[in-house]
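Undergrad: I am sharing run39.pdb, which consists of PDB, C-alpha atoms, pLDDT in the B column:
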ATOM      1  CA  MET A   1      76.092  12.300 238.900  1.00 79.00           C
ATOM      2  CA  SER A   2      79.572  13.142 240.133  1.00 92.00           C
ATOM      3  CA  PHE A   3      81.135  16.601 240.320  1.00 91.00           C
ATOM      4  CA  TYR A   4      84.554  18.236 240.213  1.00 91.00           C
ATOM      5  CA  LYS A   5      84.981  21.000 242.789  1.00 95.00           C
ATOM      6  CA  MET A   6      87.221  23.942 241.915  1.00 94.00           C
ATOM      7  CA  THR A   7      87.833  27.608 242.652  1.00 95.00           C
ATOM      8  CA  ILE A   8      87.584  30.060 239.746  1.00 94.00           C
ATOM      9  CA  ALA A   9      88.321  33.784 240.209  1.00 95.00           C
ATOM     10  CA  GLY A  10      87.989  33.255 243.966  1.00 94.00           C
ATOM     11  CA  LEU A  11      84.603  31.526 243.689  1.00 93.00           C
ATOM     12  CA  GLU A  12      83.928  27.845 244.407  1.00 95.00           C
ATOM     13  CA  ARG A  13      81.986  25.851 241.856  1.00 94.00           C
ATOM     14  CA  GLU A  14      81.016  22.184 241.437  1.00 93.00           C
ATOM     15  CA  LEU A  15      81.201  21.152 237.788  1.00 91.00           C
ATOM     16  CA  PRO A  16      79.295  18.060 236.615  1.00 91.00           C
ATOM     17  CA  ILE A  17      81.430  15.249 235.200  1.00 91.00           C
ATOM     18  CA  CYS A  18      80.268  14.541 231.629  1.00 87.00           C
ATOM     19  CA  LYS A  19      81.094  11.552 229.433  1.00 87.00           C
ATOM     20  CA  VAL A  20      82.798  12.431 226.120  1.00 84.00           C
ATOM     21  CA  ASN A  21      83.449   8.811 225.101  1.00 88.00           C
ATOM     22  CA  ASP A  22      84.303   5.415 226.664  1.00 89.00           C
ATOM     23  CA  LYS A  23      87.764   6.603 227.739  1.00 90.00           C
ATOM     24  CA  LEU A  24      87.266  10.295 228.550  1.00 88.00           C
ATOM     25  CA  ASP A  25      85.126  12.423 230.830  1.00 87.00           C
ATOM     26  CA  ILE A  26      85.266  16.188 231.237  1.00 87.00           C
ATOM     27  CA  ALA A  27      84.037  18.583 233.904  1.00 88.00           C
ATOM     28  CA  GLY A  28      81.310  20.642 232.286  1.00 87.00           C
ATOM     29  CA  PHE A  29      81.764  24.369 232.784  1.00 88.00           C
ATOM     30  CA  VAL A  30      78.753  26.415 231.701  1.00 87.00           C
ATOM     31  CA  ILE A  31      78.982  30.151 232.185  1.00 90.00           C
ATOM     32  CA  PHE A  32      75.387  30.830 231.081  1.00 90.00           C
ATOM     33  CA  GLY A  33      73.325  32.173 233.976  1.00 88.00           C
ATOM     34  CA  ASP A  34      76.264  32.420 236.387  1.00 92.00           C
ATOM     35  CA  VAL A  35      76.565  36.200 236.595  1.00 95.00           C
ATOM     36  CA  GLU A  36      78.858  36.052 239.643  1.00 95.00           C
ATOM     37  CA  ILE A  37      81.495  33.899 237.927  1.00 95.00           C
ATOM     38  CA  THR A  38      81.166  35.913 234.698  1.00 96.00           C
ATOM     39  CA  VAL A  39      81.824  39.250 236.420  1.00 96.00           C
ATOM     40  CA  ALA A  40      84.676  37.924 238.581  1.00 97.00           C
ATOM     41  CA  SER A  41      86.338  36.029 235.711  1.00 96.00           C
ATOM     42  CA  ALA A  42      86.118  39.042 233.375  1.00 97.00           C
ATOM     43  CA  ALA A  43      87.839  41.243 235.958  1.00 97.00           C
ATOM     44  CA  GLU A  44      90.647  38.728 236.489  1.00 97.00           C
ATOM     45  CA  LEU A  45      91.188  38.156 232.764  1.00 97.00           C
ATOM     46  CA  ILE A  46      91.380  41.900 232.102  1.00 97.00           C
ATOM     47  CA  LYS A  47      94.171  42.096 234.704  1.00 97.00           C
ATOM     48  CA  LYS A  48      96.083  39.251 232.998  1.00 96.00           C
ATOM     49  CA  CYS A  49      95.682  40.406 229.375  1.00 96.00           C
ATOM     50  CA  PRO A  50      97.937  42.974 227.719  1.00 96.00           C
ATOM     51  CA  GLU A  51      96.460  46.269 226.514  1.00 97.00           C
ATOM     52  CA  PHE A  52      93.810  45.657 223.836  1.00 97.00           C
ATOM     53  CA  ASP A  53      91.416  47.549 221.570  1.00 98.00           C
ATOM     54  CA  ALA A  54      88.746  44.879 221.023  1.00 97.00           C
ATOM     55  CA  ILE A  55      87.585  41.411 222.017  1.00 97.00           C
ATOM     56  CA  VAL A  56      86.573  38.684 219.546  1.00 96.00           C
ATOM     57  CA  ALA A  57      84.925  35.432 220.631  1.00 93.00           C
ATOM     58  CA  PRO A  58      83.293  32.429 218.994  1.00 90.00           C
ATOM     59  CA  GLU A  59      79.564  32.023 219.435  1.00 81.00           C
ATOM     60  CA  ALA A  60      78.096  30.820 222.070  1.00 76.00           C
ATOM     61  CA  LYS A  61      79.331  30.195 225.636  1.00 85.00           C
ATOM     62  CA  ALA A  62      81.961  32.956 225.457  1.00 91.00           C
ATOM     63  CA  ILE A  63      79.351  35.641 224.704  1.00 94.00           C
ATOM     64  CA  PRO A  64      78.500  36.584 228.317  1.00 95.00           C
ATOM     65  CA  LEU A  65      82.221  36.724 229.157  1.00 95.00           C
ATOM     66  CA  ALA A  66      83.012  38.869 226.095  1.00 96.00           C
ATOM     67  CA  HIS A  67      80.151  41.207 226.969  1.00 97.00           C
ATOM     68  CA  GLU A  68      81.292  41.552 230.579  1.00 97.00           C
ATOM     69  CA  MET A  69      84.943  42.122 229.646  1.00 97.00           C
ATOM     70  CA  ALA A  70      83.779  44.767 227.155  1.00 98.00           C
ATOM     71  CA  ARG A  71      81.582  46.400 229.802  1.00 97.00           C
ATOM     72  CA  GLN A  72      84.387  46.483 232.364  1.00 98.00           C
ATOM     73  CA  SER A  73      87.094  47.610 229.920  1.00 97.00           C
ATOM     74  CA  GLY A  74      85.005  49.942 227.766  1.00 97.00           C
ATOM     75  CA  LYS A  75      86.276  48.134 224.635  1.00 97.00           C
ATOM     76  CA  PRO A  76      84.010  46.704 221.912  1.00 97.00           C
ATOM     77  CA  TYR A  77      83.462  43.005 221.335  1.00 96.00           C
ATOM     78  CA  TYR A  78      82.629  41.015 218.229  1.00 95.00           C
ATOM     79  CA  ILE A  79      81.228  37.503 217.891  1.00 91.00           C
ATOM     80  CA  CYS A  80      82.194  34.978 215.227  1.00 87.00           C
ATOM     81  CA  ARG A  81      78.822  33.469 214.413  1.00 81.00           C
ATOM     82  CA  LYS A  82      78.029  29.806 213.728  1.00 81.00           C
ATOM     83  CA  GLY A  83      75.940  30.753 210.739  1.00 68.00           C
ATOM     84  CA  ALA A  84      75.833  33.566 208.185  1.00 67.00           C
ATOM     85  CA  LYS A  85      73.105  36.102 208.985  1.00 70.00           C
ATOM     86  CA  LEU A  86      71.069  38.173 206.529  1.00 70.00           C
ATOM     87  CA  TYR A  87      72.516  41.435 207.863  1.00 75.00           C
ATOM     88  CA  MET A  88      76.116  40.354 207.180  1.00 70.00           C
ATOM     89  CA  GLN A  89      77.862  42.078 204.275  1.00 75.00           C
ATOM     90  CA  ASN A  90      80.286  39.664 202.592  1.00 77.00           C
ATOM     91  CA  PRO A  91      80.729  37.315 205.567  1.00 76.00           C
ATOM     92  CA  VAL A  92      84.120  35.601 205.863  1.00 79.00           C
ATOM     93  CA  SER A  93      84.179  32.007 207.137  1.00 79.00           C
ATOM     94  CA  VAL A  94      86.429  29.216 208.444  1.00 82.00           C
ATOM     95  CA  ASN A  95      85.711  25.642 209.597  1.00 80.00           C
ATOM     96  CA  VAL A  96      86.222  24.412 213.170  1.00 69.00           C
ATOM     97  CA  ARG A  97      85.795  21.252 215.252  1.00 63.00           C
ATOM     98  CA  SER A  98      85.860  21.349 219.063  1.00 55.00           C
ATOM     99  CA  ILE A  99      85.813  18.667 221.761  1.00 52.00           C
ATOM    100  CA  THR A 100      82.246  19.553 222.794  1.00 52.00           C
ATOM    101  CA  THR A 101      80.675  19.339 219.319  1.00 55.00           C
ATOM    102  CA  ASP A 102      80.141  16.150 217.362  1.00 59.00           C
ATOM    103  CA  LYS A 103      80.629  17.614 213.890  1.00 66.00           C
ATOM    104  CA  GLU A 104      82.565  20.264 212.042  1.00 73.00           C
ATOM    105  CA  GLN A 105      81.172  23.789 212.339  1.00 75.00           C
ATOM    106  CA  THR A 106      81.734  26.966 210.372  1.00 83.00           C
ATOM    107  CA  LEU A 107      82.386  30.346 211.992  1.00 84.00           C
ATOM    108  CA  PHE A 108      81.471  33.591 210.215  1.00 86.00           C
ATOM    109  CA  LEU A 109      82.545  37.187 210.758  1.00 87.00           C
ATOM    110  CA  ASP A 110      80.849  40.061 208.986  1.00 88.00           C
ATOM    111  CA  SER A 111      83.334  41.922 206.765  1.00 88.00           C
ATOM    112  CA  LEU A 112      82.049  45.231 208.151  1.00 88.00           C
ATOM    113  CA  GLU A 113      83.001  44.120 211.671  1.00 90.00           C
ATOM    114  CA  GLY A 114      86.257  42.556 210.498  1.00 89.00           C
ATOM    115  CA  ASN A 115      87.292  45.782 208.787  1.00 92.00           C
ATOM    116  CA  LYS A 116      86.804  47.666 212.082  1.00 93.00           C
ATOM    117  CA  LEU A 117      89.434  45.327 213.561  1.00 94.00           C
ATOM    118  CA  THR A 118      92.138  45.985 210.949  1.00 95.00           C
ATOM    119  CA  GLY A 119      95.310  47.084 212.735  1.00 95.00           C
ATOM    120  CA  LYS A 120      93.659  46.776 216.167  1.00 97.00           C
ATOM    121  CA  ARG A 121      95.058  44.950 219.202  1.00 97.00           C
ATOM    122  CA  VAL A 122      92.655  42.048 219.693  1.00 97.00           C
ATOM    123  CA  VAL A 123      92.055  39.529 222.472  1.00 97.00           C
ATOM    124  CA  ILE A 124      90.551  36.258 221.262  1.00 96.00           C
ATOM    125  CA  LEU A 125      88.344  35.034 224.084  1.00 95.00           C
ATOM    126  CA  ASP A 126      86.659  31.738 224.947  1.00 92.00           C
ATOM    127  CA  ASP A 127      85.200  30.193 228.083  1.00 91.00           C
ATOM    128  CA  VAL A 128      87.327  27.022 227.999  1.00 91.00           C
ATOM    129  CA  ILE A 129      90.314  26.193 225.810  1.00 89.00           C
ATOM    130  CA  SER A 130      90.737  22.461 225.256  1.00 84.00           C
ATOM    131  CA  THR A 131      91.961  21.441 221.823  1.00 82.00           C
ATOM    132  CA  GLY A 132      92.385  25.060 220.753  1.00 81.00           C
ATOM    133  CA  GLU A 133      90.436  24.481 217.523  1.00 82.00           C
ATOM    134  CA  SER A 134      87.909  27.251 218.217  1.00 82.00           C
ATOM    135  CA  LEU A 135      90.723  29.700 218.954  1.00 85.00           C
ATOM    136  CA  LEU A 136      92.531  28.681 215.794  1.00 87.00           C
ATOM    137  CA  ALA A 137      89.398  29.237 213.718  1.00 86.00           C
ATOM    138  CA  VAL A 138      88.914  32.731 215.157  1.00 90.00           C
ATOM    139  CA  GLU A 139      92.614  33.426 214.622  1.00 90.00           C
ATOM    140  CA  LYS A 140      92.294  32.395 210.948  1.00 88.00           C
ATOM    141  CA  LEU A 141      89.305  34.696 210.535  1.00 89.00           C
ATOM    142  CA  LEU A 142      91.190  37.614 212.094  1.00 92.00           C
ATOM    143  CA  GLU A 143      94.242  37.026 209.873  1.00 91.00           C
ATOM    144  CA  LYS A 144      92.007  37.886 206.915  1.00 89.00           C
ATOM    145  CA  PHE A 145      91.562  41.372 208.416  1.00 92.00           C
ATOM    146  CA  ASP A 146      95.192  42.053 209.388  1.00 93.00           C
ATOM    147  CA  THR A 147      94.561  42.349 213.118  1.00 94.00           C
ATOM    148  CA  ASN A 148      97.189  42.314 215.858  1.00 95.00           C
ATOM    149  CA  ILE A 149      96.279  39.407 218.162  1.00 96.00           C
ATOM    150  CA  VAL A 150      97.765  40.359 221.542  1.00 97.00           C
ATOM    151  CA  ALA A 151      96.288  37.491 223.579  1.00 96.00           C
ATOM    152  CA  LYS A 152      94.260  34.302 223.406  1.00 95.00           C
ATOM    153  CA  ALA A 153      92.391  34.019 226.690  1.00 96.00           C
ATOM    154  CA  ALA A 154      89.883  31.854 228.543  1.00 95.00           C
ATOM    155  CA  ILE A 155      88.605  31.255 232.032  1.00 94.00           C
ATOM    156  CA  LEU A 156      89.791  27.633 231.988  1.00 93.00           C
ATOM    157  CA  ALA A 157      92.450  25.672 230.113  1.00 93.00           C
ATOM    158  CA  GLU A 158      91.573  21.997 229.866  1.00 89.00           C
ATOM    159  CA  GLY A 159      94.057  19.115 229.663  1.00 86.00           C
ATOM    160  CA  ASP A 160      97.141  19.829 227.525  1.00 88.00           C
ATOM    161  CA  ALA A 161      95.965  23.386 226.843  1.00 89.00           C
ATOM    162  CA  ALA A 162      97.063  24.265 230.388  1.00 87.00           C
ATOM    163  CA  LYS A 163     100.674  23.520 229.346  1.00 91.00           C
ATOM    164  CA  ARG A 164     100.594  26.033 226.480  1.00 89.00           C
ATOM    165  CA  ASP A 165     102.545  29.251 226.925  1.00 90.00           C
ATOM    166  CA  ASP A 166     100.627  31.181 224.257  1.00 92.00           C
ATOM    167  CA  ILE A 167      97.326  31.497 226.144  1.00 93.00           C
ATOM    168  CA  VAL A 168      96.105  33.428 229.175  1.00 94.00           C
ATOM    169  CA  PHE A 169      93.788  31.580 231.546  1.00 94.00           C
ATOM    170  CA  LEU A 170      92.658  31.625 235.164  1.00 95.00           C
ATOM    171  CA  GLU A 171      92.566  27.940 236.152  1.00 93.00           C
ATOM    172  CA  GLU A 172      93.480  24.493 234.869  1.00 90.00           C
ATOM    173  CA  LEU A 173      90.637  22.056 234.257  1.00 89.00           C
ATOM    174  CA  PRO A 174      91.757  18.417 234.265  1.00 86.00           C
ATOM    175  CA  LEU A 175      90.557  15.722 231.899  1.00 87.00           C
ATOM    176  CA  PHE A 176      89.366  12.463 233.415  1.00 86.00           C
ATOM    177  CA  PHE A 177      90.680   9.379 231.611  1.00 88.00           C
ATOM    178  CA  HIS A 178      89.539   5.832 232.394  1.00 85.00           C
ATOM    179  CA  ASP A 179      89.755   2.319 230.952  1.00 76.00           C
TER
END
Just dump the structure as structure tokens.

TA:
Amino acid sequence: MSFYKMTIAGLERELPICKVNDKLDIAGFVIFGDVEITVASAAELIKKCPEFDAIVAPEAKAIPLAHEMARQSGKPYYICRKGAKLYMQNPVSVNVRSITTDKEQTLFLDSLEGNKLTGKRVVILDDVISTGESLLAVEKLLEKFDTNIVAKAAILAEGDAAKRDDIVFLEELPLFFHD
């Protein structure tokens, strides 16, 4: 297996190169279990984001980052779930497709949580932004609750996402194309 070496929030990491299809490989960044990178990345993202009242992230890999940013900032965080849960009161949903999933998914936000976000300054957070589809899905969910999205942020921006001027990120993650 080959690796891509990079520095994130002052910490060196070797990311495994993973095949997406016959023409594209990506460097796999998995935040789960890496407490050091989670804590350091959360601190750096808080410095780069404008003032906010809450954090909203899609389920799953962004959860530790959202938790740590909430812990460091003292602001609450909310997770857009990949499935409706029994405890949800009138869940609101949108569909999403990302580069790392092979089929369309649906994200859900409990109306009770969404209503707490009405009029609030919100940071939409993810671990890696690539196509931006996950961010867009969360953004569509938040529009239903009249929130004020002040930033869309991630640890890494992959490929063309790094050229966007509407996101906050720490490092660029290249895509690896081949014939």

Undergrad: Taking the file as shown, find all residues satisfying the PyMOL selection byres ((chain A and resi 26) around 6) and write them as a count of residues only.

TA: 6

Undergrad: List the neighbours of Lys5 in chain A out to 9 Å using all atoms listed in the file; skip same-chain residues closer than 4 positions along the sequence, and give me the result as number ranges by chain.

TA: A: 12-16

Undergrad: Could you dump the residues just selected with C-alpha atoms as a CSV table (one decimal), keeping the file's coordinate frame?

TA:
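Saved as selection.csv:
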chain,number,residue,atom,x,y,z
A,12,GLU,CA,83.9,27.8,244.4
A,13,ARG,CA,82.0,25.9,241.9
A,14,GLU,CA,81.0,22.2,241.4
A,15,LEU,CA,81.2,21.2,237.8
A,16,PRO,CA,79.3,18.1,236.6

Undergrad: Once you count all atoms listed in the file, which residues end up no further than 12 Å from (89.2, 40.2, 237.7) in the file's frame, shown as a PyMOL selection string?

TA: chain A and resi 8-11+36-49+65+68-69+72-73+155+169-170

Undergrad: Determine the residue membership of the PyMOL selection byres ((chain A and resi 142) around 9) for the file above and supply it as a PyMOL selection string.

TA: chain A and resi 56+109+114+117-118+122+137-141+143-149

Undergrad: Contacts of Phe32 in chain A at 9 Å or less, counting all atoms listed in the file, minus same-chain residues fewer than 5 places along, as a ChimeraX atom specification?

TA: /A:38,61-64

Undergrad: Could you tell me which residues the PyMOL selection byres ((chain A and resi 78) around 8) grabs in this file, written as a ChimeraX atom specification?

TA: /A:54-57,76-77,79-80,113

Undergrad: Record the distance separating CA of Lys23 in chain A and CA of Met1 in chain A, expressed in Å with one decimal.

TA: 17.1 Å

Undergrad: With distances taken over all atoms listed in the file, which of A:Pro50, A:Leu125, A:Leu156, A:Ala161 is nearest to Ala70 in chain A?

TA: A:Leu125

Undergrad: Could you jot down the CA of Thr131 in chain A to CA of Glu158 in chain A separation for me, Å, one decimal place?

TA: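 Going from CA of Thr131 in chain A over to CA of Glu158 in chain A, I get 8.1 Å.
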
Undergrad: Compute the distance from (84.6, 24.8, 225.5) to each atom, counting only C-alpha atoms, keep the residues with any atom at most 9 Å away, and return them as a list in words; use the coordinates of the file.

TA: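 Here the neighbourhood of the point contains Gly28, Phe29, Val30, Lys61, Ala62, Ser98, Ile99, Thr100, Asp126, Asp127, Val128, Ile129, Ser130, Thr131, Ser134, Leu156 and Glu158 of chain A.
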
Undergrad: Store the residues of this selection in a file with C-alpha atoms, as a PDB file, in the coordinates of the input.

TA:
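And here is the file that came out, again15.pdb:
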ATOM      1  CA  GLY A  28      81.310  20.642 232.286  1.00 87.00           C
ATOM      2  CA  PHE A  29      81.764  24.369 232.784  1.00 88.00           C
ATOM      3  CA  VAL A  30      78.753  26.415 231.701  1.00 87.00           C
ATOM      4  CA  LYS A  61      79.331  30.195 225.636  1.00 85.00           C
ATOM      5  CA  ALA A  62      81.961  32.956 225.457  1.00 91.00           C
ATOM      6  CA  SER A  98      85.860  21.349 219.063  1.00 55.00           C
ATOM      7  CA  ILE A  99      85.813  18.667 221.761  1.00 52.00           C
ATOM      8  CA  THR A 100      82.246  19.553 222.794  1.00 52.00           C
ATOM      9  CA  ASP A 126      86.659  31.738 224.947  1.00 92.00           C
ATOM     10  CA  ASP A 127      85.200  30.193 228.083  1.00 91.00           C
ATOM     11  CA  VAL A 128      87.327  27.022 227.999  1.00 91.00           C
ATOM     12  CA  ILE A 129      90.314  26.193 225.810  1.00 89.00           C
ATOM     13  CA  SER A 130      90.737  22.461 225.256  1.00 84.00           C
ATOM     14  CA  THR A 131      91.961  21.441 221.823  1.00 82.00           C
ATOM     15  CA  SER A 134      87.909  27.251 218.217  1.00 82.00           C
ATOM     16  CA  LEU A 156      89.791  27.633 231.988  1.00 93.00           C
ATOM     17  CA  GLU A 158      91.573  21.997 229.866  1.00 89.00           C
TER      18      GLU A 158
END

Undergrad: Grab the CA of Asp160 in chain A to CA of Glu172 in chain A distance for me, in Å with one decimal place.

TA: 9.4 Å

Undergrad: Just checking: using all atoms listed in the file, which residue out of A:Val20, A:Met6, A:Val123, A:Val35 ends up closest to His178 in chain A?

TA: A:Val20

Undergrad: Report, as AutoDock Vina command-line options, the axis-aligned box around all atoms of range 40-57 of chain A present in the file, extended by 5 Å on each side; give centre and edge lengths in Å to one decimal place.

TA:
--center_x 91.3 --center_y 41.5 --center_z 229.1 --size_x 23.3 --size_y 22.1 --size_z 29.0
